>>> print(open('input30.txt').read())   # compact mmCIF, C-alpha atoms
# COMPACT_ATOMS: atom_id res chain seq x y z
CA MET A 5 8.40 3.79 12.10
CA PRO A 6 6.88 7.26 11.97
CA SER A 7 4.15 7.92 9.49
CA LEU A 8 5.33 9.86 6.48
CA PRO A 9 3.20 12.67 5.07
CA TYR A 10 1.17 11.51 2.10
CA HIS A 11 2.06 14.62 0.07
CA CYS A 12 5.62 13.38 0.07
CA VAL A 13 4.82 10.73 -2.52
CA CYS A 14 6.01 11.70 -5.98
CA CYS A 15 4.52 9.03 -8.17
CA ILE A 16 6.02 9.82 -11.52
CA ILE A 17 9.22 11.59 -10.68
CA PRO A 18 12.31 9.66 -11.69
CA SER A 19 14.89 8.84 -9.04
CA ARG A 20 17.46 11.18 -10.60
CA MET A 21 15.07 14.10 -10.27
CA LEU A 22 14.22 13.12 -6.70
CA ARG A 23 17.90 13.22 -5.86
CA GLN A 24 18.27 16.62 -7.51
CA LEU A 25 15.30 17.92 -5.54
CA ALA A 26 16.80 16.55 -2.35
CA GLU A 27 20.06 18.33 -3.07
CA ALA A 28 18.35 21.64 -3.82
CA ALA A 29 19.19 24.45 -1.44
CA HIS A 30 15.56 25.16 -0.57
CA ALA A 31 14.82 21.63 0.64
CA SER A 32 14.49 21.32 4.40
CA PRO A 33 16.32 18.46 6.15
CA ALA A 34 13.03 16.60 6.57
CA GLU A 35 12.06 17.07 2.93
CA ARG A 36 15.52 16.07 1.82
CA GLN A 37 15.40 12.85 3.83
CA CYS A 38 11.92 12.07 2.58
CA LEU A 39 12.94 12.48 -1.06
CA LEU A 40 16.04 10.36 -0.60
CA ASP A 41 13.97 7.69 1.16
CA GLN A 42 11.68 7.54 -1.85
CA CYS A 43 14.59 7.08 -4.25
CA GLU A 44 16.11 4.36 -2.17
CA ILE A 45 12.92 2.43 -1.50
CA SER A 46 11.80 2.62 -5.08
CA ALA A 47 15.18 1.53 -6.37
CA HIS A 48 15.38 -1.32 -3.89
CA LEU A 49 11.91 -2.62 -4.61
CA ARG A 50 12.44 -2.53 -8.33
CA GLY A 51 15.47 -4.66 -7.71
CA GLN A 52 17.73 -1.87 -8.79
CA ARG A 53 21.07 -0.82 -7.49
CA SER A 54 21.28 1.43 -4.49
CA VAL A 55 21.15 5.11 -5.33
CA MET A 56 24.82 5.97 -5.52
CA PRO A 57 26.60 3.33 -7.62
CA THR A 58 24.49 3.76 -10.76
CA LEU A 59 27.28 5.40 -12.73
CA ALA A 60 29.15 2.13 -13.05
CA ALA A 61 26.07 0.53 -14.56
CA THR A 62 25.83 3.04 -17.36
CA GLN A 63 29.44 3.03 -18.46
CA HIS A 64 29.87 2.68 -22.18
CA THR A 65 32.69 0.32 -22.96
CA GLY A 66 32.48 0.15 -26.77
CA GLU A 67 33.04 -3.60 -26.65
CA GLN A 68 31.28 -6.61 -25.20
CA ARG A 69 31.69 -6.62 -21.45
CA ARG A 70 29.64 -8.99 -19.38
CA THR A 71 29.49 -9.09 -15.62
CA VAL A 72 27.46 -11.66 -13.72
CA TYR A 73 26.53 -11.12 -10.09
CA ASP A 74 25.09 -13.45 -7.47
CA ALA A 75 22.13 -11.86 -5.66
CA ARG A 76 22.35 -14.66 -3.09
CA HIS A 77 18.58 -15.08 -2.98
CA LYS A 78 18.04 -11.51 -1.84
CA THR A 79 16.44 -8.52 -3.58
CA THR A 80 19.33 -6.10 -3.29
CA LEU A 81 21.09 -5.71 -6.61
CA PRO A 82 23.42 -6.31 -8.20
CA GLY A 83 24.97 -8.59 -5.57
CA LYS A 84 28.46 -10.09 -5.54
CA VAL A 85 30.53 -10.20 -8.73
CA VAL A 86 31.07 -13.83 -9.69
CA ARG A 87 32.22 -13.69 -13.32
CA THR A 88 33.59 -10.92 -15.50
CA GLU A 89 34.36 -10.68 -19.20
CA GLY A 90 36.94 -13.20 -20.30
CA ALA A 91 37.06 -15.02 -16.98
CA ALA A 92 36.88 -18.81 -16.87
CA ALA A 93 33.65 -20.64 -16.22
CA VAL A 94 32.70 -21.11 -12.59
CA LYS A 95 31.03 -23.98 -10.75
CA ASP A 96 27.66 -22.27 -10.63
CA GLU A 97 25.92 -23.25 -13.85
CA ALA A 98 23.39 -20.39 -13.64
CA VAL A 99 26.28 -17.92 -13.74
CA ASN A 100 27.78 -19.55 -16.82
CA GLN A 101 24.43 -19.73 -18.57
CA ALA A 102 23.71 -16.06 -17.92
CA TYR A 103 27.19 -15.19 -19.20
CA ASP A 104 27.06 -17.39 -22.31
CA ASN A 105 23.52 -16.50 -23.35
CA ALA A 106 24.20 -12.78 -22.93
CA GLY A 107 27.18 -13.31 -25.22
CA HIS A 108 25.09 -15.08 -27.86
CA THR A 109 22.55 -12.28 -27.71
CA TYR A 110 25.22 -9.58 -28.00
CA ASP A 111 26.74 -11.42 -30.98
CA PHE A 112 23.36 -11.69 -32.66
CA PHE A 113 22.62 -7.98 -32.45
CA HIS A 114 26.17 -7.10 -33.47
CA THR A 115 26.37 -9.51 -36.40
CA VAL A 116 22.84 -9.27 -37.76
CA PHE A 117 21.91 -5.65 -37.00
CA GLN A 118 25.38 -4.13 -36.50
CA ARG A 119 24.16 -2.96 -33.10
CA ASN A 120 26.75 -2.39 -30.39
CA SER A 121 25.03 -3.73 -27.28
CA VAL A 122 21.73 -2.64 -25.78
CA ASP A 123 22.17 1.10 -26.37
CA ASN A 124 24.26 0.78 -29.57
CA LYS A 125 27.06 2.48 -27.67
CA GLY A 126 28.57 -0.56 -26.01
CA LEU A 127 26.63 -0.52 -22.76
CA ARG A 128 28.03 -3.18 -20.45
CA LEU A 129 25.83 -6.21 -19.92
CA ASP A 130 25.17 -6.84 -16.26
CA ALA A 131 23.12 -9.73 -14.95
CA SER A 132 22.23 -10.95 -11.48
CA VAL A 133 21.34 -14.58 -10.88
CA HIS A 134 19.67 -16.26 -7.87
CA TYR A 135 17.33 -13.31 -7.29
CA GLN A 136 15.02 -13.94 -4.33
CA ARG A 137 14.16 -17.50 -3.37
CA GLY A 138 11.99 -19.54 -5.72
CA PHE A 139 11.42 -16.47 -7.90
CA ASN A 140 9.36 -17.49 -10.95
CA ASN A 141 10.57 -14.76 -13.22
CA ALA A 142 13.25 -12.80 -15.03
CA PHE A 143 13.25 -9.12 -15.88
CA TRP A 144 15.15 -6.15 -17.27
CA ASN A 145 15.04 -3.39 -14.66
CA GLY A 146 16.14 -0.59 -16.97
CA GLN A 147 19.81 -1.15 -16.20
CA GLN A 148 20.47 -4.86 -15.98
CA MET A 149 19.03 -8.36 -16.31
CA VAL A 150 17.73 -10.19 -13.26
CA TYR A 151 17.03 -13.92 -13.09
CA GLY A 152 15.20 -16.07 -10.60
CA ASP A 153 15.80 -19.78 -10.03
CA GLY A 154 12.16 -20.74 -10.35
CA ASP A 155 10.33 -22.65 -7.66
CA GLY A 156 11.29 -26.02 -9.18
CA LYS A 157 7.63 -26.88 -9.79
CA LEU A 158 6.16 -24.30 -12.16
CA PHE A 159 9.47 -23.04 -13.48
CA HIS A 160 13.10 -24.02 -13.49
CA GLY A 161 16.07 -21.67 -13.64
CA PHE A 162 15.60 -18.89 -16.16
CA THR A 163 19.22 -18.56 -17.24
CA ALA A 164 19.19 -21.91 -19.04
CA ALA A 165 17.05 -20.62 -21.89
CA ILE A 166 18.68 -18.50 -24.59
CA ASP A 167 15.31 -17.06 -25.60
CA VAL A 168 14.67 -15.87 -22.04
CA VAL A 169 18.00 -14.07 -21.86
CA ALA A 170 17.54 -12.61 -25.34
CA HIS A 171 13.98 -11.56 -24.47
CA GLU A 172 15.16 -9.60 -21.44
CA LEU A 173 18.09 -7.97 -23.19
CA SER A 174 15.75 -6.98 -26.00
CA HIS A 175 13.66 -4.99 -23.52
CA GLY A 176 16.81 -2.95 -23.13
CA VAL A 177 17.16 -2.61 -26.88
CA THR A 178 13.56 -1.41 -27.15
CA GLN A 179 14.21 1.08 -24.35
CA TYR A 180 16.94 2.69 -26.46
CA ALA A 181 15.87 1.97 -30.06
CA VAL A 182 12.32 3.31 -29.79
CA PRO A 183 12.60 7.05 -29.18
CA GLY A 184 11.34 7.44 -25.60
CA GLY A 185 10.87 3.68 -25.19
CA LEU A 186 7.55 1.81 -25.38
CA VAL A 187 5.13 2.39 -22.50
CA TYR A 188 4.46 -0.94 -20.82
CA GLU A 189 0.67 -0.99 -20.84
CA GLY A 190 -2.07 -1.35 -23.42
CA GLN A 191 -1.06 -1.98 -27.03
CA SER A 192 2.34 -0.30 -26.69
CA GLY A 193 3.06 -2.63 -23.75
CA ALA A 194 1.97 -5.66 -25.76
CA LEU A 195 4.24 -4.46 -28.58
CA ASN A 196 7.07 -4.13 -26.08
CA GLU A 197 6.52 -7.74 -25.01
CA SER A 198 6.13 -8.92 -28.60
CA ILE A 199 9.38 -7.31 -29.75
CA SER A 200 11.19 -9.14 -26.97
CA ASP A 201 9.54 -12.43 -27.94
CA VAL A 202 10.40 -11.86 -31.60
CA MET A 203 14.04 -11.09 -30.81
CA GLY A 204 14.19 -13.95 -28.31
CA SER A 205 12.99 -16.36 -30.95
CA LEU A 206 15.35 -14.90 -33.56
CA VAL A 207 18.38 -15.25 -31.31
CA LYS A 208 17.45 -18.87 -30.62
CA GLN A 209 17.00 -19.59 -34.35
CA TRP A 210 20.24 -17.81 -35.21
CA HIS A 211 22.13 -19.75 -32.56
CA LEU A 212 20.71 -23.02 -33.90
CA GLN A 213 21.05 -21.88 -37.53
CA GLN A 214 17.43 -22.82 -38.21
CA LYS A 215 15.31 -21.67 -41.10
CA ALA A 216 11.93 -20.15 -40.30
CA ALA A 217 10.13 -23.29 -41.41
CA GLU A 218 12.28 -25.45 -39.15
CA ALA A 219 12.01 -23.43 -35.94
CA ASP A 220 9.62 -24.28 -33.10
CA TRP A 221 8.68 -20.61 -32.55
CA LEU A 222 8.18 -21.34 -28.86
CA ILE A 223 9.16 -19.01 -26.04
CA GLY A 224 10.25 -20.42 -22.69
CA ASP A 225 10.07 -24.05 -23.77
CA SER A 226 12.95 -25.16 -21.58
CA ILE A 227 12.03 -23.48 -18.30
CA MET A 228 8.55 -24.80 -17.54
CA GLY A 229 7.84 -27.67 -15.21
CA ALA A 230 6.48 -30.68 -17.07
CA SER A 231 3.31 -30.69 -14.98
CA VAL A 232 2.48 -27.14 -16.09
CA GLY A 233 3.11 -27.22 -19.80
CA LYS A 234 5.60 -27.22 -22.63
CA ALA A 235 6.22 -23.53 -23.23
CA LEU A 236 5.03 -20.10 -22.24
CA ARG A 237 4.06 -18.72 -25.64
CA SER A 238 3.93 -19.75 -29.30
CA LEU A 239 4.45 -17.27 -32.12
CA ALA A 240 3.30 -19.85 -34.65
CA ASP A 241 -0.05 -20.46 -32.96
CA PRO A 242 -0.70 -18.10 -30.03
CA GLY A 243 -3.23 -19.47 -27.56
CA ASN A 244 -2.80 -23.09 -28.63
CA ARG A 245 -2.61 -24.73 -25.23
CA THR A 246 -1.46 -28.06 -26.62
CA LEU A 247 1.75 -26.29 -27.65
CA THR A 248 2.09 -24.14 -24.55
CA TRP A 249 0.38 -24.31 -21.16
CA SER A 250 -3.08 -24.60 -19.66
CA GLY A 251 -3.56 -20.89 -18.99
CA ASP A 252 -2.43 -19.57 -22.38
CA ASP A 253 -4.99 -16.93 -23.37
CA GLN A 254 -3.04 -15.26 -26.17
CA PRO A 255 -5.19 -14.08 -29.11
CA LYS A 256 -3.73 -14.19 -32.60
CA ASN A 257 -6.27 -11.92 -34.26
CA MET A 258 -7.76 -8.54 -33.39
CA ALA A 259 -11.18 -10.18 -33.34
CA ASP A 260 -10.10 -11.83 -30.09
CA TYR A 261 -8.22 -8.84 -28.65
CA ILE A 262 -8.59 -8.70 -24.87
CA GLN A 263 -9.67 -5.23 -23.78
CA ASP A 264 -7.52 -4.14 -20.82
CA GLY A 265 -5.76 -7.48 -21.14
CA ASP A 266 -2.29 -8.25 -19.89
CA VAL A 267 0.57 -7.20 -22.15
CA HIS A 268 1.74 -10.84 -22.20
CA SER A 269 -1.63 -11.88 -23.63
CA ASN A 270 -2.29 -9.39 -26.43
CA SER A 271 1.31 -9.68 -27.59
CA GLY A 272 0.13 -12.81 -29.38
CA ILE A 273 -1.27 -10.65 -32.19
CA PRO A 274 1.95 -8.87 -33.25
CA ASN A 275 3.88 -12.07 -32.47
CA HIS A 276 1.83 -13.92 -35.05
CA ALA A 277 2.22 -11.11 -37.58
CA PHE A 278 5.98 -11.50 -37.35
CA TYR A 279 5.74 -15.27 -37.68
CA ALA A 280 3.55 -14.93 -40.78
CA THR A 281 5.98 -12.45 -42.31
CA ALA A 282 8.96 -14.72 -41.65
CA LEU A 283 7.22 -17.77 -43.07
CA ALA A 284 6.17 -15.88 -46.19
CA LEU A 285 9.70 -14.63 -46.81
CA GLN A 286 11.19 -18.11 -46.22
CA GLY A 287 14.82 -18.77 -45.42
CA HIS A 288 16.24 -17.54 -42.15
CA ALA A 289 13.91 -15.24 -40.23
CA TRP A 290 16.79 -12.98 -39.20
CA GLU A 291 17.72 -12.23 -42.82
CA LYS A 292 14.62 -10.32 -43.94
CA ALA A 293 11.76 -10.31 -41.44
CA GLY A 294 14.10 -9.57 -38.53
CA PRO A 295 15.71 -6.48 -40.09
CA ILE A 296 12.27 -5.14 -41.04
CA TRP A 297 11.03 -5.42 -37.44
CA TYR A 298 14.28 -4.01 -36.09
CA LYS A 299 14.24 -1.01 -38.41
CA ALA A 300 10.61 -0.32 -37.49
CA LEU A 301 11.60 0.31 -33.87
CA GLY A 302 13.04 3.69 -34.73
CA LEU A 303 9.78 4.67 -36.42
CA LEU A 304 7.62 4.13 -33.33
CA THR A 305 6.54 6.46 -30.55
CA PRO A 306 6.15 5.53 -26.83
CA THR A 307 2.41 4.88 -27.08
CA ALA A 308 2.45 3.11 -30.44
CA SER A 309 -0.53 0.90 -31.28
CA PHE A 310 -0.58 -2.31 -33.30
CA ALA A 311 -1.67 -0.23 -36.30
CA ASP A 312 1.36 2.01 -35.78
CA MET A 313 3.61 -1.06 -35.75
CA ALA A 314 1.94 -2.34 -38.91
CA ARG A 315 2.60 1.00 -40.59
CA ALA A 316 6.17 1.16 -39.28
CA THR A 317 7.06 -2.35 -40.46
CA ALA A 318 5.50 -1.65 -43.88
CA GLN A 319 7.57 1.54 -44.12
CA ALA A 320 10.67 -0.32 -42.97
CA ALA A 321 10.13 -2.96 -45.65
CA VAL A 322 9.98 -0.23 -48.29
CA LEU A 323 13.07 1.49 -46.89
CA LEU A 324 15.02 -1.76 -46.91
CA TYR A 325 13.70 -3.48 -50.02
CA GLY A 326 11.75 -0.91 -52.03
CA ASN A 327 8.17 -0.41 -53.20
CA ASP A 328 6.12 -3.20 -54.73
CA THR A 329 8.43 -5.86 -53.41
CA ALA A 330 7.72 -9.30 -52.00
CA GLU A 331 8.93 -8.07 -48.63
CA GLN A 332 6.48 -5.16 -48.54
CA TYR A 333 3.57 -7.38 -49.52
CA ALA A 334 4.56 -10.08 -47.03
CA VAL A 335 4.40 -7.53 -44.21
CA GLN A 336 1.06 -6.15 -45.35
CA ARG A 337 -0.49 -9.59 -45.70
CA ALA A 338 0.80 -10.67 -42.30
CA TRP A 339 -0.88 -7.75 -40.53
CA GLN A 340 -4.08 -8.34 -42.50
CA LEU A 341 -3.96 -11.96 -41.37
CA VAL A 342 -4.04 -10.88 -37.72
CA GLY A 343 -6.76 -8.33 -38.35
CA VAL A 344 -4.70 -5.15 -38.21
CA GLN A 345 -5.29 -2.66 -40.98
CA VAL A 346 -2.08 -1.43 -42.60
CA GLU A 347 -2.33 2.27 -43.40
CA THR A 348 0.50 3.61 -45.52
CA MET B 256 -7.62 -10.34 12.85
CA THR B 257 -5.50 -8.94 10.01
CA ARG B 258 -4.81 -10.89 6.86
CA LEU B 259 -2.83 -9.70 3.85
CA ILE B 260 -2.65 -11.30 0.41
CA LEU B 261 -0.09 -9.89 -2.02
CA ARG B 262 -0.04 -10.92 -5.68
CA CYS B 263 2.73 -9.84 -8.02
CA THR B 264 2.79 -10.11 -11.83
CA GLY B 265 5.10 -8.91 -14.57
CA GLY B 266 8.52 -9.73 -15.96
CA PHE B 267 9.12 -12.46 -18.50
CA THR B 268 6.45 -14.84 -17.31
CA GLY B 269 3.58 -12.40 -16.78
CA PRO B 270 0.43 -14.03 -15.36
CA ALA B 271 1.95 -17.51 -15.72
CA GLY B 272 4.56 -16.70 -13.10
CA ALA B 273 2.36 -14.64 -10.79
CA GLN B 274 3.28 -15.28 -7.18
CA THR B 275 0.99 -14.85 -4.19
CA ARG B 276 1.94 -14.42 -0.56
CA SER B 277 -0.70 -14.84 2.15
CA ILE B 278 0.18 -13.54 5.60
CA ASP B 279 -1.93 -13.77 8.74
CA LEU B 280 -0.53 -11.39 11.33
CA ALA B 281 -1.95 -13.54 14.12
CA VAL B 282 0.51 -16.33 13.41
CA LEU B 283 3.62 -14.15 13.16
CA ALA B 284 6.08 -13.29 15.88
CA PRO B 285 4.73 -10.25 17.79
CA ALA B 286 7.53 -7.91 16.69
CA GLN B 287 7.13 -8.85 13.04
CA ALA B 288 3.35 -8.56 13.19
CA HIS B 289 3.68 -5.17 14.90
CA ARG B 290 6.03 -3.91 12.19
CA LEU B 291 3.66 -4.94 9.40
CA ALA B 292 0.64 -3.50 11.22
CA GLN B 293 2.49 -0.20 11.65
CA LEU B 294 3.27 0.00 7.95
CA LEU B 295 -0.30 -0.89 7.08
CA ASP B 296 -1.60 1.91 9.31
CA ALA B 297 0.99 4.38 8.02
CA SER B 298 -0.06 3.67 4.45
CA GLN B 299 -3.68 4.54 5.34
CA PHE B 300 -4.44 1.50 3.24
CA PHE B 301 -8.22 1.59 3.64
CA ASN B 302 -8.28 5.16 2.33
CA LEU B 303 -6.18 4.45 -0.75
CA PRO B 304 -7.84 4.37 -4.17
CA GLU B 305 -8.26 0.98 -5.80
CA GLN B 306 -5.78 1.87 -8.54
CA LEU B 307 -2.36 3.46 -8.11
CA ARG B 308 -0.89 3.17 -11.57
CA LYS B 309 2.35 4.73 -12.69
CA ILE B 310 2.29 6.95 -15.75
CA ALA B 311 4.35 5.42 -18.56
CA PRO B 312 5.42 2.17 -16.84
CA GLN B 313 8.36 0.20 -18.23
CA SER B 314 9.00 -3.52 -18.53
CA GLY B 315 10.63 -3.73 -15.10
CA ASP B 316 7.58 -2.30 -13.34
CA PHE B 317 5.74 -5.15 -11.68
CA LEU B 318 2.05 -4.89 -10.83
CA TYR B 319 0.94 -5.65 -7.29
CA ASP B 320 -2.48 -6.50 -5.92
CA LEU B 321 -2.77 -6.23 -2.16
CA HIS B 322 -5.90 -7.50 -0.43
CA VAL B 323 -6.26 -6.69 3.26
CA GLU B 324 -8.86 -7.95 5.71
CA LYS B 325 -8.87 -6.26 9.09
CA ASP B 326 -11.50 -6.21 11.83
CA GLY B 327 -14.32 -6.98 9.43
CA TRP B 328 -13.14 -4.53 6.78
CA GLN B 329 -11.52 -5.44 3.50
CA HIS B 330 -9.95 -3.46 0.70
CA ASP B 331 -7.95 -4.12 -2.48
CA VAL B 332 -5.36 -1.90 -4.13
CA HIS B 333 -3.81 -2.51 -7.55
CA TYR B 334 -0.52 -0.63 -7.88
CA HIS B 335 2.90 -0.03 -9.32
CA LEU B 336 5.51 0.53 -6.66
CA ASP B 337 6.48 3.93 -8.00
CA ALA B 338 2.89 5.09 -7.66
CA ALA B 339 2.46 3.84 -4.09
CA PRO B 340 3.01 5.90 -0.94
CA VAL B 341 6.27 5.17 0.85
CA PRO B 342 4.74 3.06 3.68
CA LEU B 343 2.98 0.85 1.13
CA ARG B 344 6.25 0.36 -0.71
CA GLN B 345 7.93 -0.57 2.55
CA LEU B 346 5.10 -2.92 3.40
CA THR B 347 5.44 -4.54 -0.03
CA GLU B 348 9.15 -5.02 0.54
CA GLN B 349 8.48 -6.70 3.88
CA LEU B 350 5.81 -8.97 2.42
CA ASN B 351 8.11 -9.97 -0.43
CA HIS B 352 10.41 -11.58 2.13
CA PHE B 353 7.77 -14.21 2.90
CA PRO B 354 7.83 -17.39 0.79
CA PRO B 355 5.19 -17.59 -1.95
CA ASP B 356 2.10 -19.73 -1.29
>>> encode(input="input30.txt", output="structure tokens")
Amino acid sequence: MPSLPYHCVCCIIPSRMLRQLAEAAHASPAERQCLLDQCEISAHLRGQRSVMPTLAATQHTGEQRRTVYDARHKTTLPGKVVRTEGAAAVKDEAVNQAYDNAGHTYDFFHTVFQRNSVDNKGLRLDASVHYQRGFNNAFWNGQQMVYGDGDGKLFHGFTAAIDVVAHELSHGVTQYAVPGGLVYEGQSGALNESISDVMGSLVKQWHLQQKAAEADWLIGDSIMGASVGKALRSLADPGNRTLTWSGDDQPKNMADYIQDGDVHSNSGIPNHAFYATALALQGHAWEKAGPIWYKALGLLTPTASFADMARATAQAAVLLYGNDTAEQYAVQRAWQLVGVQVET
Amino acid sequence: MTRLILRCTGGFTGPAGAQTRSIDLAVLAPAQAHRLAQLLDASQFFNLPEQLRKIAPQSGDFLYDLHVEKDGWQHDVHYHLDAAPVPLRQLTEQLNHFPPD
């Protein structure tokens, strides 16, 4: 393959803009091809659709519409359609799990927050299962959910866990509900992760009709191999390896904040703030604490810090329940518990 | 001797699900080894900065660490795909086809 000129790399230009540049009249054939190559490679490596069919992915249906694809252990997405909305269950259990758990998550957001899908405009819910071979992960690629099967040792199939599916769909909700989304690095990245853990746990509790005091507050407890651990993260006690796994390094207080740490680590701090709020308010976590966190999303900016989230949730509590209320104080005390100063 | 070690983290599992692929070009079929060596050269890997981070990454942006040892030299690059030059992205795609360690 011929070497491409280094100046051709456009690190931060979105694919849509690259395509527009390629189509511009002043672009030479070589430049045009180079720009299109970048779109295609980037999209492919992110596990996204090829460049052209993206319109179908962004259709707004105004009603729940799930489509599950089989990636057939490859990285090209979405793969082959294997189940559509309303169709009967198929033999492949991963397909049915992805379908059912996306439905539970949609129902949760619709019933509890009156939100119509990921974008609140009825965006269709697409998911691909059997991504790569032995892939120990699941992710939201900005357009759809993608699930691996796990390697059978560290992790099992990711579709089986309702909190995993809800976690990934909630990344989509954050993408739309926070104006400009939440940048996935530093404290805003840890908040992004935390919001998905919070919503993942809420969907699980809602599905099981558990009160806050009854819930296990674990994330990924049904996907880990027994030799590795019991769960990936705990909102009740972040970093407690007897509850989770041997490498859990999540802090639950700013005193232990990991500078330049992974977003999956420092998310323990806001995770624990939500847990403390939910426990203080008693009852079902989705009835008071959940709406406060959800309403706060619209008050954030893309580079929000933990302090910004503390302020936003305190404001949301006032907007929903008023000043000098138990809800407002519960939020303030929870953030103080994890070492984040609440500035109002 | 050329040896490549690619580590990938991100997604739901984060560091817990990080997967590493170690590839020694000497043990590959000649055509496959040649293809990877070409991409490595085209990426000018040993001249790349240690960090190639995307501005404003999103949750679907995985982080890659590629360690390369070649003829007594070694270099590490930490990158998001969108911030990597095209040959490095293509190399990453090829390496991702190998089974994890």
>>> closest_residue(input="input30.txt", among="B:His330, B:Arg344, B:Arg262, B:Lys325", to="chain A", atoms="all atoms listed in the file")
B:Arg344
>>> residues_around(input="input30.txt", residues="stretch 153-167 of chain A", least_positions_apart="2", cutoff="7 Å", atoms="all atoms listed in the file", output="PyMOL selection string")
chain A and resi 98+101-102+105+134+138-142+151+169-171+204-205+207-208+223-224+226-229+232
>>> write_last_selection(input="input30.txt", atoms="C-alpha atoms", output="short mmCIF file (atom, residue, chain, number, x, y, z; two decimals), in the frame of the given file")
data_model
loop_
_atom_site.label_atom_id
_atom_site.label_comp_id
_atom_site.auth_asym_id
_atom_site.auth_seq_id
_atom_site.Cartn_x
_atom_site.Cartn_y
_atom_site.Cartn_z
CA ALA A 98 23.39 -20.39 -13.64
CA GLN A 101 24.43 -19.73 -18.57
CA ALA A 102 23.71 -16.06 -17.92
CA ASN A 105 23.52 -16.50 -23.35
CA HIS A 134 19.67 -16.26 -7.87
CA GLY A 138 11.99 -19.54 -5.72
CA PHE A 139 11.42 -16.47 -7.90
CA ASN A 140 9.36 -17.49 -10.95
CA ASN A 141 10.57 -14.76 -13.22
CA ALA A 142 13.25 -12.80 -15.03
CA TYR A 151 17.03 -13.92 -13.09
CA VAL A 169 18.00 -14.07 -21.86
CA ALA A 170 17.54 -12.61 -25.34
CA HIS A 171 13.98 -11.56 -24.47
CA GLY A 204 14.19 -13.95 -28.31
CA SER A 205 12.99 -16.36 -30.95
CA VAL A 207 18.38 -15.25 -31.31
CA LYS A 208 17.45 -18.87 -30.62
CA ILE A 223 9.16 -19.01 -26.04
CA GLY A 224 10.25 -20.42 -22.69
CA SER A 226 12.95 -25.16 -21.58
CA ILE A 227 12.03 -23.48 -18.30
CA MET A 228 8.55 -24.80 -17.54
CA GLY A 229 7.84 -27.67 -15.21
CA VAL A 232 2.48 -27.14 -16.09
#
>>> residues_around(input="input30.txt", residues="stretch 321-323 of chain B", least_positions_apart="6", cutoff="7 Å", atoms="only C-alpha atoms", output="ChimeraX atom specification")
/B:258-262,329-333
>>> atom_distance(input="input30.txt", atom1="atom CA of A:Ser192", atom2="atom CA of B:Gln313")
10.4 Å
>>> interface_residues(input="input30.txt", of="chain B", to="chain A", cutoff="9 Å", atoms="all atoms listed in the file", output="MDAnalysis selection string")
chainID B and resid 265:274 290 293:294 296:298 307:317 336:342 344:345 347:348 351:352 354:355
>>> atom_distance(input="input30.txt", atom1="atom CA of A:Val72", atom2="atom CA of B:Leu318")
26.5 Å
>>> atom_distance(input="input30.txt", atom1="atom CA of A:Thr246", atom2="atom CA of A:His276")
16.8 Å
>>> closest_residue(input="input30.txt", among="A:Gly83, A:Gly265, A:Pro242, A:Gly107", to="A:Ala280", atoms="only C-alpha atoms")
A:Pro242
>>> residues_near_point(input="input30.txt", point="(1.4, -5.6, -46.4)", cutoff="10 Å", atoms="all atoms listed in the file", output="ChimeraX atom specification")
/A:281,314-315,317-319,321,328-341,345-348
>>> axis_aligned_box(input="input30.txt", around="stretch 174-189 of chain A", padding_each_side="8 Å", output="JSON")
{"center_x": 8.9, "center_y": 0.2, "center_z": -25.4, "size_x": 32.5, "size_y": 30.4, "size_z": 25.2}
